[in-house]
>>> print(open('my_file.pdb').read())   # PDB, C-alpha atoms
ATOM      1  CA  VAL U   1     160.126 -42.270  19.846
ATOM      2  CA  ASP U   2     163.790 -42.908  20.648
ATOM      3  CA  THR U   3     165.127 -41.888  17.234
ATOM      4  CA  THR U   4     168.745 -42.509  18.289
ATOM      5  CA  LYS U   5     167.943 -46.126  19.092
ATOM      6  CA  LEU U   6     165.940 -46.581  15.902
ATOM      7  CA  SER U   7     168.734 -45.183  13.756
ATOM      8  CA  ALA U   8     171.322 -47.400  15.400
ATOM      9  CA  GLU U   9     169.203 -50.509  14.908
ATOM     10  CA  ALA U  10     168.427 -49.560  11.323
ATOM     11  CA  ALA U  11     172.107 -49.340  10.440
ATOM     12  CA  VAL U  12     172.126 -53.009   9.468
ATOM     13  CA  PRO U  13     173.099 -52.835   5.769
ATOM     14  CA  ALA U  14     170.778 -53.996   3.014
ATOM     15  CA  GLU U  15     171.680 -56.936   0.847
ATOM     16  CA  ALA U  16     173.978 -56.105  -2.034
ATOM     17  CA  GLY U  17     172.158 -54.421  -4.884
ATOM     18  CA  THR U  18     169.082 -53.403  -2.894
ATOM     19  CA  SER U  19     167.915 -49.932  -1.969
ATOM     20  CA  VAL U  20     164.756 -48.150  -0.907
ATOM     21  CA  GLY U  21     162.741 -46.411  -3.612
ATOM     22  CA  LEU U  22     161.084 -43.154  -2.554
ATOM     23  CA  VAL U  23     158.162 -42.172  -4.764
ATOM     24  CA  SER U  24     155.966 -39.105  -5.134
ATOM     25  CA  LEU U  25     153.074 -39.074  -7.600
ATOM     26  CA  PRO U  26     150.635 -36.424  -8.869
ATOM     27  CA  TRP U  27     149.482 -33.949  -7.811
ATOM     28  CA  MET U  28     152.633 -32.457  -6.291
ATOM     29  CA  SER U  29     153.800 -29.171  -7.787
ATOM     30  CA  PRO U  30     156.183 -29.861 -10.694
ATOM     31  CA  ALA U  31     157.938 -26.583  -9.964
ATOM     32  CA  LEU U  32     159.412 -27.928  -6.719
ATOM     33  CA  PRO U  33     161.391 -30.972  -5.626
ATOM     34  CA  SER U  34     159.690 -33.102  -2.965
ATOM     35  CA  ILE U  35     160.843 -32.007   0.490
ATOM     36  CA  GLN U  36     159.086 -35.095   1.866
ATOM     37  CA  LEU U  37     161.232 -37.480  -0.186
ATOM     38  CA  ALA U  38     164.374 -35.489   0.586
ATOM     39  CA  THR U  39     163.657 -35.732   4.316
ATOM     40  CA  LEU U  40     163.106 -39.485   4.128
ATOM     41  CA  ALA U  41     166.234 -39.977   2.017
ATOM     42  CA  SER U  42     168.273 -38.057   4.586
ATOM     43  CA  SER U  43     166.938 -40.152   7.473
ATOM     44  CA  LEU U  44     167.747 -43.358   5.586
ATOM     45  CA  GLN U  45     171.229 -42.108   4.749
ATOM     46  CA  ARG U  46     171.944 -41.426   8.424
ATOM     47  CA  ALA U  47     170.932 -45.027   9.144
ATOM     48  CA  GLY U  48     173.230 -46.370   6.453
ATOM     49  CA  ILE U  49     170.392 -47.350   4.110
ATOM     50  CA  PRO U  50     170.769 -46.376   0.431
ATOM     51  CA  SER U  51     167.758 -44.919  -1.334
ATOM     52  CA  GLU U  52     166.714 -43.432  -4.651
ATOM     53  CA  VAL U  53     164.158 -40.658  -5.216
ATOM     54  CA  HIS U  54     161.531 -40.950  -7.974
ATOM     55  CA  GLU U  55     159.562 -37.695  -8.446
ATOM     56  CA  LEU U  56     157.074 -39.202 -10.878
ATOM     57  CA  TYR U  57     154.665 -36.261 -10.751
ATOM     58  CA  VAL U  58     157.024 -34.403 -13.099
ATOM     59  CA  ASP U  59     156.478 -37.058 -15.780
ATOM     60  CA  TYR U  60     152.703 -36.648 -15.582
ATOM     61  CA  ALA U  61     152.927 -32.867 -15.811
ATOM     62  CA  ALA U  62     155.030 -33.267 -18.950
ATOM     63  CA  ARG U  63     152.342 -35.468 -20.518
ATOM     64  CA  ILE U  64     149.279 -33.328 -19.908
ATOM     65  CA  GLY U  65     151.007 -29.944 -20.031
ATOM     66  CA  LEU U  66     151.746 -27.546 -17.199
ATOM     67  CA  ASN U  67     148.577 -25.507 -17.696
ATOM     68  CA  PHE U  68     146.247 -28.481 -17.204
ATOM     69  CA  TYR U  69     148.420 -29.948 -14.465
ATOM     70  CA  ASN U  70     148.542 -26.752 -12.421
ATOM     71  CA  LEU U  71     144.820 -26.211 -12.909
ATOM     72  CA  PHE U  72     143.853 -29.667 -11.653
ATOM     73  CA  SER U  73     146.430 -29.803  -8.881
ATOM     74  CA  ASN U  74     144.920 -26.659  -7.352
ATOM     75  CA  LEU U  75     141.291 -27.788  -7.451
ATOM     76  CA  LEU U  76     139.786 -28.091  -3.977
ATOM     77  CA  GLY U  77     137.313 -30.914  -4.657
ATOM     78  CA  TYR U  78     137.816 -34.618  -5.288
ATOM     79  CA  LEU U  79     138.212 -34.297  -9.062
ATOM     80  CA  PRO U  80     142.050 -34.586  -8.998
ATOM     81  CA  GLU U  81     141.764 -37.824  -7.005
ATOM     82  CA  TRP U  82     139.117 -39.210  -9.365
ATOM     83  CA  VAL U  83     141.410 -38.825 -12.392
ATOM     84  CA  PHE U  84     143.615 -41.551 -10.854
ATOM     85  CA  SER U  85     141.327 -43.455  -8.475
ATOM     86  CA  ARG U  86     139.244 -44.754 -11.385
ATOM     87  CA  HIS U  87     142.407 -46.526 -12.565
ATOM     88  CA  TYR U  88     142.506 -48.373  -9.258
ATOM     89  CA  TYR U  89     138.830 -49.149  -8.684
ATOM     90  CA  GLY U  90     138.073 -49.919 -12.324
ATOM     91  CA  PRO U  91     140.418 -52.920 -12.611
ATOM     92  CA  GLU U  92     139.700 -53.985  -9.011
ATOM     93  CA  THR U  93     135.929 -53.766  -8.786
ATOM     94  CA  GLY U  94     134.622 -52.843 -12.231
ATOM     95  CA  ASP U  95     133.260 -49.619 -10.743
ATOM     96  CA  TRP U  96     134.471 -46.770 -12.929
ATOM     97  CA  LEU U  97     132.865 -44.177 -10.660
ATOM     98  CA  ASP U  98     130.641 -42.953 -13.482
ATOM     99  CA  GLU U  99     128.069 -41.922 -10.884
ATOM    100  CA  MET U 100     130.381 -39.055 -10.010
ATOM    101  CA  ARG U 101     129.627 -37.434 -13.339
ATOM    102  CA  ALA U 102     125.987 -37.102 -12.320
ATOM    103  CA  GLN U 103     127.108 -34.875  -9.436
ATOM    104  CA  ARG U 104     128.688 -32.471 -11.970
ATOM    105  CA  PRO U 105     131.744 -31.655  -9.802
ATOM    106  CA  PHE U 106     133.102 -29.307 -12.434
ATOM    107  CA  ASP U 107     132.356 -25.896 -10.939
ATOM    108  CA  ASP U 108     136.039 -25.061 -10.521
ATOM    109  CA  ILE U 109     136.958 -25.863 -14.122
ATOM    110  CA  PRO U 110     137.125 -22.668 -16.224
ATOM    111  CA  TRP U 111     135.435 -24.414 -19.156
ATOM    112  CA  PRO U 112     132.596 -26.554 -17.708
ATOM    113  CA  GLU U 113     131.098 -27.077 -21.173
ATOM    114  CA  TYR U 114     134.230 -29.054 -22.076
ATOM    115  CA  SER U 115     134.516 -30.938 -18.784
ATOM    116  CA  ASP U 116     133.387 -34.322 -20.124
ATOM    117  CA  ALA U 117     135.760 -34.118 -23.080
ATOM    118  CA  ILE U 118     138.636 -33.125 -20.802
ATOM    119  CA  LEU U 119     138.027 -36.001 -18.401
ATOM    120  CA  CYS U 120     137.691 -38.488 -21.259
ATOM    121  CA  ALA U 121     141.004 -37.263 -22.658
ATOM    122  CA  PHE U 122     142.672 -37.783 -19.277
ATOM    123  CA  ASP U 123     141.673 -41.459 -19.175
ATOM    124  CA  PRO U 124     144.017 -43.027 -21.788
ATOM    125  CA  VAL U 125     146.841 -40.618 -20.959
ATOM    126  CA  THR U 126     146.680 -41.531 -17.267
ATOM    127  CA  SER U 127     146.478 -45.243 -18.002
ATOM    128  CA  GLN U 128     149.530 -45.091 -20.271
ATOM    129  CA  TYR U 129     151.397 -42.965 -17.737
ATOM    130  CA  LEU U 130     150.916 -45.565 -15.008
ATOM    131  CA  ASP U 131     152.020 -48.375 -17.313
ATOM    132  CA  ASP U 132     155.084 -46.421 -18.427
ATOM    133  CA  MET U 133     156.116 -45.551 -14.870
ATOM    134  CA  ILE U 134     156.199 -49.259 -14.055
ATOM    135  CA  ALA U 135     157.998 -50.248 -17.255
ATOM    136  CA  SER U 136     160.530 -47.408 -17.488
ATOM    137  CA  VAL U 137     162.177 -47.949 -14.098
ATOM    138  CA  ASP U 138     163.978 -51.085 -12.902
ATOM    139  CA  TRP U 139     161.952 -51.349  -9.708
ATOM    140  CA  SER U 140     163.524 -54.729  -8.926
ATOM    141  CA  ARG U 141     166.585 -52.912  -7.600
ATOM    142  CA  HIS U 142     164.393 -51.786  -4.686
ATOM    143  CA  ASP U 143     163.125 -54.124  -1.986
ATOM    144  CA  VAL U 144     161.021 -51.449  -0.261
ATOM    145  CA  ILE U 145     159.072 -48.629  -1.901
ATOM    146  CA  GLY U 146     157.909 -45.676   0.185
ATOM    147  CA  CYS U 147     155.165 -43.487  -1.305
ATOM    148  CA  SER U 148     154.687 -40.001   0.101
ATOM    149  CA  LEU U 149     151.034 -38.913   0.222
ATOM    150  CA  THR U 150     150.102 -35.287   0.737
ATOM    151  CA  ILE U 151     147.153 -33.495  -0.868
ATOM    152  CA  SER U 152     145.344 -35.380  -3.654
ATOM    153  CA  GLN U 153     147.961 -38.137  -3.998
ATOM    154  CA  LEU U 154     145.960 -41.103  -2.678
ATOM    155  CA  GLY U 155     144.307 -42.146  -5.939
ATOM    156  CA  ALA U 156     147.558 -41.994  -7.904
ATOM    157  CA  SER U 157     149.481 -43.829  -5.180
ATOM    158  CA  MET U 158     146.929 -46.645  -4.947
ATOM    159  CA  ALA U 159     146.836 -47.098  -8.711
ATOM    160  CA  PHE U 160     150.635 -47.110  -8.829
ATOM    161  CA  ALA U 161     150.958 -49.533  -5.887
ATOM    162  CA  ARG U 162     148.575 -51.978  -7.557
ATOM    163  CA  LYS U 163     150.538 -52.066 -10.803
ATOM    164  CA  LEU U 164     153.865 -52.215  -8.969
ATOM    165  CA  LYS U 165     152.888 -55.160  -6.762
ATOM    166  CA  LEU U 166     151.384 -57.085  -9.652
ATOM    167  CA  ALA U 167     154.659 -56.689 -11.548
ATOM    168  CA  HIS U 168     156.965 -57.127  -8.520
ATOM    169  CA  PRO U 169     155.061 -58.960  -5.753
ATOM    170  CA  ALA U 170     158.133 -59.310  -3.505
ATOM    171  CA  ILE U 171     158.560 -55.549  -3.086
ATOM    172  CA  LYS U 172     157.192 -54.132   0.157
ATOM    173  CA  VAL U 173     155.085 -51.002  -0.343
ATOM    174  CA  VAL U 174     154.779 -48.410   2.440
ATOM    175  CA  PHE U 175     152.515 -45.350   2.414
ATOM    176  CA  GLY U 176     153.072 -42.317   4.612
ATOM    177  CA  GLY U 177     152.261 -38.630   4.802
ATOM    178  CA  SER U 178     149.408 -36.332   5.729
ATOM    179  CA  GLN U 179     146.830 -38.382   3.805
ATOM    180  CA  CYS U 180     147.634 -41.334   6.079
ATOM    181  CA  ALA U 181     146.981 -39.560   9.385
ATOM    182  CA  GLY U 182     144.576 -40.950  11.956
ATOM    183  CA  ALA U 183     141.836 -43.268  10.740
ATOM    184  CA  MET U 184     142.860 -42.759   7.109
ATOM    185  CA  GLY U 185     145.892 -45.007   7.491
ATOM    186  CA  ARG U 186     143.862 -48.040   8.566
ATOM    187  CA  ALA U 187     141.277 -47.298   5.891
ATOM    188  CA  ILE U 188     143.972 -47.405   3.212
ATOM    189  CA  LEU U 189     145.080 -50.852   4.404
ATOM    190  CA  ARG U 190     141.481 -52.089   4.268
ATOM    191  CA  ILE U 191     140.773 -50.926   0.725
ATOM    192  CA  CYS U 192     144.199 -51.436  -0.866
ATOM    193  CA  PRO U 193     145.782 -54.869  -0.319
ATOM    194  CA  TYR U 194     148.808 -53.806  -2.357
ATOM    195  CA  VAL U 195     150.064 -51.694   0.565
ATOM    196  CA  ASP U 196     152.059 -53.577   3.204
ATOM    197  CA  ALA U 197     152.276 -50.859   5.862
ATOM    198  CA  VAL U 198     151.153 -47.294   6.518
ATOM    199  CA  VAL U 199     153.062 -44.726   8.589
ATOM    200  CA  HIS U 200     150.789 -42.113  10.151
ATOM    201  CA  ILE U 201     153.447 -40.044  11.962
ATOM    202  CA  GLU U 202     156.473 -38.182  10.644
ATOM    203  CA  GLY U 203     158.187 -40.808   8.519
ATOM    204  CA  GLU U 204     161.747 -39.869   9.415
ATOM    205  CA  LEU U 205     161.064 -40.939  13.026
ATOM    206  CA  VAL U 206     160.374 -44.564  12.214
ATOM    207  CA  PHE U 207     160.906 -45.336   8.524
ATOM    208  CA  PRO U 208     164.552 -46.545   8.796
ATOM    209  CA  GLU U 209     163.591 -49.029  11.507
ATOM    210  CA  LEU U 210     160.521 -50.094   9.547
ATOM    211  CA  VAL U 211     162.725 -50.831   6.531
ATOM    212  CA  ARG U 212     165.120 -52.828   8.695
ATOM    213  CA  ARG U 213     162.312 -54.955  10.126
ATOM    214  CA  LEU U 214     160.705 -55.549   6.749
ATOM    215  CA  ARG U 215     164.035 -56.738   5.384
ATOM    216  CA  ILE U 216     164.762 -59.280   8.091
ATOM    217  CA  GLY U 217     161.179 -60.354   8.743
ATOM    218  CA  LEU U 218     160.682 -58.897  12.195
ATOM    219  CA  PRO U 219     157.189 -57.872  13.349
ATOM    220  CA  ILE U 220     156.251 -54.254  12.684
ATOM    221  CA  ASP U 221     153.044 -54.135  14.736
ATOM    222  CA  ALA U 222     154.680 -52.596  17.781
ATOM    223  CA  LEU U 223     156.418 -49.807  15.912
ATOM    224  CA  PRO U 224     155.011 -46.416  16.973
ATOM    225  CA  GLY U 225     153.032 -44.697  14.259
ATOM    226  CA  VAL U 226     152.863 -47.775  12.001
TER     227      VAL U 226
END
>>> encode(input="my_file.pdb", output="C-alpha coordinates")
Amino acid sequence: VDTTKLSAEAAVPAEAGTSVGLVSLPWMSPALPSIQLATLASSLQRAGIPSEVHELYVDYAARIGLNFYNLFSNLLGYLPEWVFSRHYYGPETGDWLDEMRAQRPFDDIPWPEYSDAILCAFDPVTSQYLDDMIASVDWSRHDVIGCSLTISQLGASMAFARKLKLAHPAIKVVFGGSQCAGAMGRAILRICPYVDAVVHIEGELVFPELVRRLRIGLPIDALPGV
(Lines of atoms letter the chains of each structure in order from A and count residues from 1; the text may use other names and numbers.)
(Lines give C-alpha, C1' and ligand atoms only; values in the text may rest on other atoms or scores of the structure.)
Protein backbone atom coordinates (compact mmCIF):
# COMPACT_ATOMS: atom_id res chain seq x y z
CA VAL A 1 0.00 0.00 0.00
CA ASP A 2 1.33 3.43 -0.96
CA THR A 3 0.58 5.10 2.37
CA THR A 4 2.06 8.43 1.22
CA LYS A 5 -0.41 8.58 -1.66
CA LEU A 6 -3.32 7.53 0.54
CA SER A 7 -2.53 10.17 3.13
CA ALA A 8 -2.25 12.89 0.51
CA GLU A 9 -5.57 11.94 -1.05
CA ALA A 10 -7.24 11.70 2.34
CA ALA A 11 -6.25 15.25 3.23
CA VAL A 12 -9.48 16.56 1.73
CA PRO A 13 -11.15 18.20 4.76
CA ALA A 14 -14.44 16.96 6.17
CA GLU A 15 -17.51 19.13 6.07
CA ALA A 16 -17.74 21.64 8.89
CA GLY A 17 -18.83 20.05 12.14
CA THR A 18 -18.05 16.46 11.16
CA SER A 19 -15.41 14.16 12.55
CA VAL A 20 -14.64 10.46 12.77
CA GLY A 21 -15.67 8.65 15.93
CA LEU A 22 -13.29 5.92 17.09
CA VAL A 23 -14.92 3.37 19.38
CA SER A 24 -13.69 0.50 21.53
CA LEU A 25 -16.15 -1.68 23.44
CA PRO A 26 -15.84 -4.46 26.04
CA TRP A 27 -13.84 -6.49 26.71
CA MET A 28 -10.73 -4.32 26.49
CA SER A 29 -8.78 -3.89 29.72
CA PRO A 30 -10.10 -0.85 31.62
CA ALA A 31 -6.65 -0.33 33.09
CA LEU A 32 -5.21 0.75 29.74
CA PRO A 33 -6.08 3.26 27.03
CA SER A 34 -6.70 1.74 23.59
CA ILE A 35 -3.48 1.75 21.57
CA GLN A 36 -5.58 0.73 18.55
CA LEU A 37 -7.72 3.87 18.73
CA ALA A 38 -4.68 6.05 19.40
CA THR A 39 -2.96 4.66 16.31
CA LEU A 40 -6.00 5.29 14.13
CA ALA A 41 -6.45 8.80 15.54
CA SER A 42 -2.82 9.59 14.74
CA SER A 43 -3.16 8.35 11.15
CA LEU A 44 -6.29 10.45 10.67
CA GLN A 45 -4.60 13.50 12.15
CA ARG A 46 -1.71 13.19 9.70
CA ALA A 47 -4.29 13.15 6.89
CA GLY A 48 -5.99 16.26 8.22
CA ILE A 49 -9.10 14.41 9.41
CA PRO A 50 -10.38 15.25 12.91
CA SER A 51 -11.44 12.39 15.15
CA GLU A 52 -12.66 11.69 18.66
CA VAL A 53 -11.89 8.61 20.77
CA HIS A 54 -14.66 6.83 22.72
CA GLU A 55 -13.28 4.14 25.07
CA LEU A 56 -16.69 2.78 26.01
CA TYR A 57 -15.35 -0.36 27.68
CA VAL A 58 -14.50 1.79 30.72
CA ASP A 59 -18.19 2.64 31.18
CA TYR A 60 -19.15 -1.04 31.21
CA ALA A 61 -16.44 -1.90 33.73
CA ALA A 62 -17.79 0.84 35.99
CA ARG A 63 -21.28 -0.68 35.82
CA ILE A 64 -20.48 -4.29 36.61
CA GLY A 65 -17.46 -3.66 38.82
CA LEU A 66 -13.80 -4.28 38.09
CA ASN A 67 -13.75 -7.73 39.69
CA PHE A 68 -16.48 -9.12 37.42
CA TYR A 69 -15.17 -7.25 34.40
CA ASN A 70 -11.61 -8.51 34.77
CA LEU A 71 -12.85 -12.04 35.43
CA PHE A 72 -15.00 -12.18 32.29
CA SER A 73 -12.55 -10.33 30.07
CA ASN A 74 -9.92 -12.99 30.78
CA LEU A 75 -12.12 -16.02 30.10
CA LEU A 76 -10.87 -18.07 27.16
CA GLY A 77 -14.23 -19.39 25.91
CA TYR A 78 -17.11 -17.70 24.13
CA LEU A 79 -18.92 -16.62 27.30
CA PRO A 80 -17.70 -12.97 27.13
CA GLU A 81 -19.01 -12.71 23.56
CA TRP A 82 -22.35 -14.26 24.52
CA VAL A 83 -22.99 -11.60 27.17
CA PHE A 84 -23.28 -9.06 24.32
CA SER A 85 -24.12 -11.14 21.23
CA ARG A 86 -27.52 -12.08 22.69
CA HIS A 87 -28.34 -8.36 22.57
CA TYR A 88 -27.73 -8.42 18.83
CA TYR A 89 -29.30 -11.74 17.84
CA GLY A 90 -32.25 -11.44 20.22
CA PRO A 91 -33.75 -8.31 18.63
CA GLU A 92 -32.70 -9.43 15.13
CA THR A 93 -33.78 -13.05 15.02
CA GLY A 94 -35.58 -13.81 18.28
CA ASP A 95 -32.87 -16.35 19.08
CA TRP A 96 -31.62 -15.60 22.58
CA LEU A 97 -28.99 -18.34 22.37
CA ASP A 98 -30.55 -20.18 25.31
CA GLU A 99 -29.22 -23.43 23.86
CA MET A 100 -25.79 -22.31 24.98
CA ARG A 101 -26.81 -22.78 28.59
CA ALA A 102 -27.30 -26.49 27.93
CA GLN A 103 -23.60 -26.71 27.05
CA ARG A 104 -22.74 -25.41 30.56
CA PRO A 105 -19.78 -23.27 29.41
CA PHE A 106 -19.10 -22.14 32.95
CA ASP A 107 -16.01 -24.16 33.87
CA ASP A 108 -13.82 -21.06 34.11
CA ILE A 109 -16.16 -19.20 36.47
CA PRO A 110 -14.99 -19.55 40.09
CA TRP A 111 -18.58 -19.98 41.29
CA PRO A 112 -20.33 -22.30 38.79
CA GLU A 113 -23.27 -22.81 41.16
CA TYR A 114 -24.09 -19.11 40.71
CA SER A 115 -23.45 -18.99 36.96
CA ASP A 116 -27.11 -18.76 35.90
CA ALA A 117 -27.81 -15.98 38.39
CA ILE A 118 -24.72 -14.08 37.26
CA LEU A 119 -25.65 -14.30 33.59
CA CYS A 120 -29.24 -13.28 34.29
CA ALA A 121 -27.95 -10.25 36.21
CA PHE A 122 -25.76 -9.26 33.25
CA ASP A 123 -28.75 -9.13 30.89
CA PRO A 124 -30.55 -5.93 32.01
CA VAL A 125 -27.29 -4.19 32.89
CA THR A 126 -25.87 -4.85 29.42
CA SER A 127 -29.08 -3.79 27.71
CA GLN A 128 -29.18 -0.51 29.63
CA TYR A 129 -25.48 0.06 28.98
CA LEU A 130 -25.96 -0.20 25.23
CA ASP A 131 -28.95 2.15 25.32
CA ASP A 132 -27.06 4.67 27.45
CA MET A 133 -23.98 4.61 25.21
CA ILE A 134 -26.18 5.61 22.28
CA ALA A 135 -28.11 8.26 24.22
CA SER A 136 -25.25 9.83 26.19
CA VAL A 137 -23.08 10.80 23.22
CA ASP A 138 -24.02 13.15 20.37
CA TRP A 139 -23.09 10.67 17.67
CA SER A 140 -24.53 12.96 14.99
CA ARG A 141 -21.33 14.99 15.12
CA HIS A 142 -19.61 12.00 13.49
CA ASP A 143 -20.21 10.94 9.90
CA VAL A 144 -18.03 7.82 10.16
CA ILE A 145 -17.63 5.52 13.16
CA GLY A 146 -14.69 3.12 13.32
CA CYS A 147 -14.96 0.24 15.80
CA SER A 148 -11.77 -1.54 16.84
CA LEU A 149 -12.24 -5.29 17.36
CA THR A 150 -9.64 -7.34 19.18
CA ILE A 151 -10.33 -10.27 21.50
CA SER A 152 -13.98 -10.81 22.49
CA GLN A 153 -15.24 -7.48 21.10
CA LEU A 154 -17.36 -8.75 18.20
CA GLY A 155 -20.62 -9.29 20.10
CA ALA A 156 -20.46 -5.89 21.79
CA SER A 157 -19.52 -4.13 18.54
CA MET A 158 -22.37 -5.73 16.58
CA ALA A 159 -24.91 -4.88 19.26
CA PHE A 160 -23.61 -1.31 19.41
CA ALA A 161 -23.55 -0.92 15.60
CA ARG A 162 -27.17 -2.07 15.37
CA LYS A 163 -28.40 0.48 17.90
CA LEU A 164 -26.24 3.23 16.42
CA LYS A 165 -27.46 2.72 12.85
CA LEU A 166 -31.09 2.51 13.91
CA ALA A 167 -30.71 5.84 15.70
CA HIS A 168 -28.43 7.48 13.08
CA PRO A 169 -28.85 5.66 9.74
CA ALA A 170 -26.69 8.14 7.81
CA ILE A 171 -23.55 7.34 9.81
CA LYS A 172 -21.13 4.96 8.11
CA VAL A 173 -19.91 2.18 10.40
CA VAL A 174 -16.52 0.53 9.81
CA PHE A 175 -15.12 -2.47 11.68
CA GLY A 176 -11.43 -3.32 11.84
CA GLY A 177 -8.93 -5.20 13.95
CA SER A 178 -7.76 -8.74 14.59
CA GLN A 179 -11.30 -10.12 14.80
CA CYS A 180 -11.84 -8.99 11.20
CA ALA A 181 -8.87 -10.82 9.69
CA GLY A 182 -9.27 -13.20 6.77
CA ALA A 183 -12.66 -14.80 6.25
CA MET A 184 -14.02 -13.23 9.43
CA GLY A 185 -14.34 -9.82 7.79
CA ARG A 186 -16.66 -11.05 5.04
CA ALA A 187 -18.61 -13.10 7.56
CA ILE A 188 -19.26 -9.99 9.65
CA LEU A 189 -20.68 -8.20 6.60
CA ARG A 190 -22.97 -11.15 5.88
CA ILE A 191 -24.44 -11.40 9.38
CA CYS A 192 -24.49 -7.72 10.37
CA PRO A 193 -26.10 -5.35 7.84
CA TYR A 194 -25.40 -2.41 10.15
CA VAL A 195 -21.71 -2.49 9.18
CA ASP A 196 -20.83 -0.64 5.97
CA ALA A 197 -17.23 -1.80 5.57
CA VAL A 198 -14.65 -4.04 7.23
CA VAL A 199 -10.89 -3.46 7.22
CA HIS A 200 -8.90 -6.68 7.57
CA ILE A 201 -5.38 -5.20 7.47
CA GLU A 202 -3.69 -2.65 9.70
CA GLY A 203 -6.21 0.17 9.78
CA GLU A 204 -3.71 3.02 9.71
CA LEU A 205 -2.64 1.93 6.20
CA VAL A 206 -6.01 2.53 4.59
CA PHE A 207 -8.52 4.04 7.02
CA PRO A 208 -7.92 7.73 6.12
CA GLU A 209 -8.50 7.00 2.44
CA LEU A 210 -11.53 4.87 3.27
CA VAL A 211 -13.02 7.78 5.23
CA ARG A 212 -12.35 10.14 2.33
CA ARG A 213 -14.09 7.85 -0.15
CA LEU A 214 -17.07 7.25 2.11
CA ARG A 215 -17.51 10.99 2.50
CA ILE A 216 -17.53 11.84 -1.18
CA GLY A 217 -19.24 8.68 -2.42
CA LEU A 218 -16.36 7.06 -4.24
CA PRO A 219 -16.21 3.25 -4.57
CA ILE A 220 -14.30 1.45 -1.83
CA ASP A 221 -14.19 -2.00 -3.42
CA ALA A 222 -10.71 -1.58 -4.84
CA LEU A 223 -9.12 -0.39 -1.62
CA PRO A 224 -6.55 -2.93 -0.38
CA GLY A 225 -7.59 -4.70 2.78
CA VAL A 226 -11.20 -3.47 2.65
>>> atom_distance(input="my_file.pdb", atom1="atom CA of U:Asp95", atom2="atom CA of U:Val125")
19.2 Å
>>> resolve_selection(input="my_file.pdb", expression="the PyMOL selection byres ((chain U and resi 149) around 9)", output="ChimeraX atom specification")
/U:24-25,147-148,150-154,157,175-180
>>> resolve_selection(input="my_file.pdb", expression="the PyMOL selection byres ((chain U and resi 139) around 12)", output="number ranges by chain")
U: 17-23, 52-54, 133-138, 140-145, 161, 163-165, 167-173
>>> closest_residue(input="my_file.pdb", among="U:Glu92, U:Ala156, U:Leu119, U:Ala181", to="U:Pro193", atoms="all atoms listed in the file")
U:Glu92
>>> residues_around(input="my_file.pdb", residues="U:Asp59", least_positions_apart="6", cutoff="10 Å", atoms="only C-alpha atoms", output="mmCIF file with C-alpha atoms, in the frame of the given file")
data_model
loop_
_atom_site.group_PDB
_atom_site.id
_atom_site.type_symbol
_atom_site.label_atom_id
_atom_site.label_comp_id
_atom_site.auth_asym_id
_atom_site.auth_seq_id
_atom_site.Cartn_x
_atom_site.Cartn_y
_atom_site.Cartn_z
ATOM 1 C CA LEU U 25 153.074 -39.074 -7.600
ATOM 2 C CA PRO U 26 150.635 -36.424 -8.869
ATOM 3 C CA PRO U 30 156.183 -29.861 -10.694
ATOM 4 C CA GLY U 65 151.007 -29.944 -20.031
ATOM 5 C CA TYR U 129 151.397 -42.965 -17.737
ATOM 6 C CA ASP U 132 155.084 -46.421 -18.427
ATOM 7 C CA MET U 133 156.116 -45.551 -14.870
#
>>> atom_distance(input="my_file.pdb", atom1="atom CA of U:Val199", atom2="atom CA of U:Ser29")
22.6 Å
>>> resolve_selection(input="my_file.pdb", expression="the PyMOL selection byres ((chain U and resi 186) around 12)", output="PyMOL selection string")
chain U and resi 175-176+179-185+187-193+195-200+225-226
>>> closest_residue(input="my_file.pdb", among="U:Ser85, U:Ser115, U:Thr93, U:Gln45", to="U:Leu130", atoms="all atoms listed in the file")
U:Ser85
>>> atom_distance(input="my_file.pdb", atom1="atom CA of U:Ile118", atom2="atom CA of U:Leu76")
17.6 Å
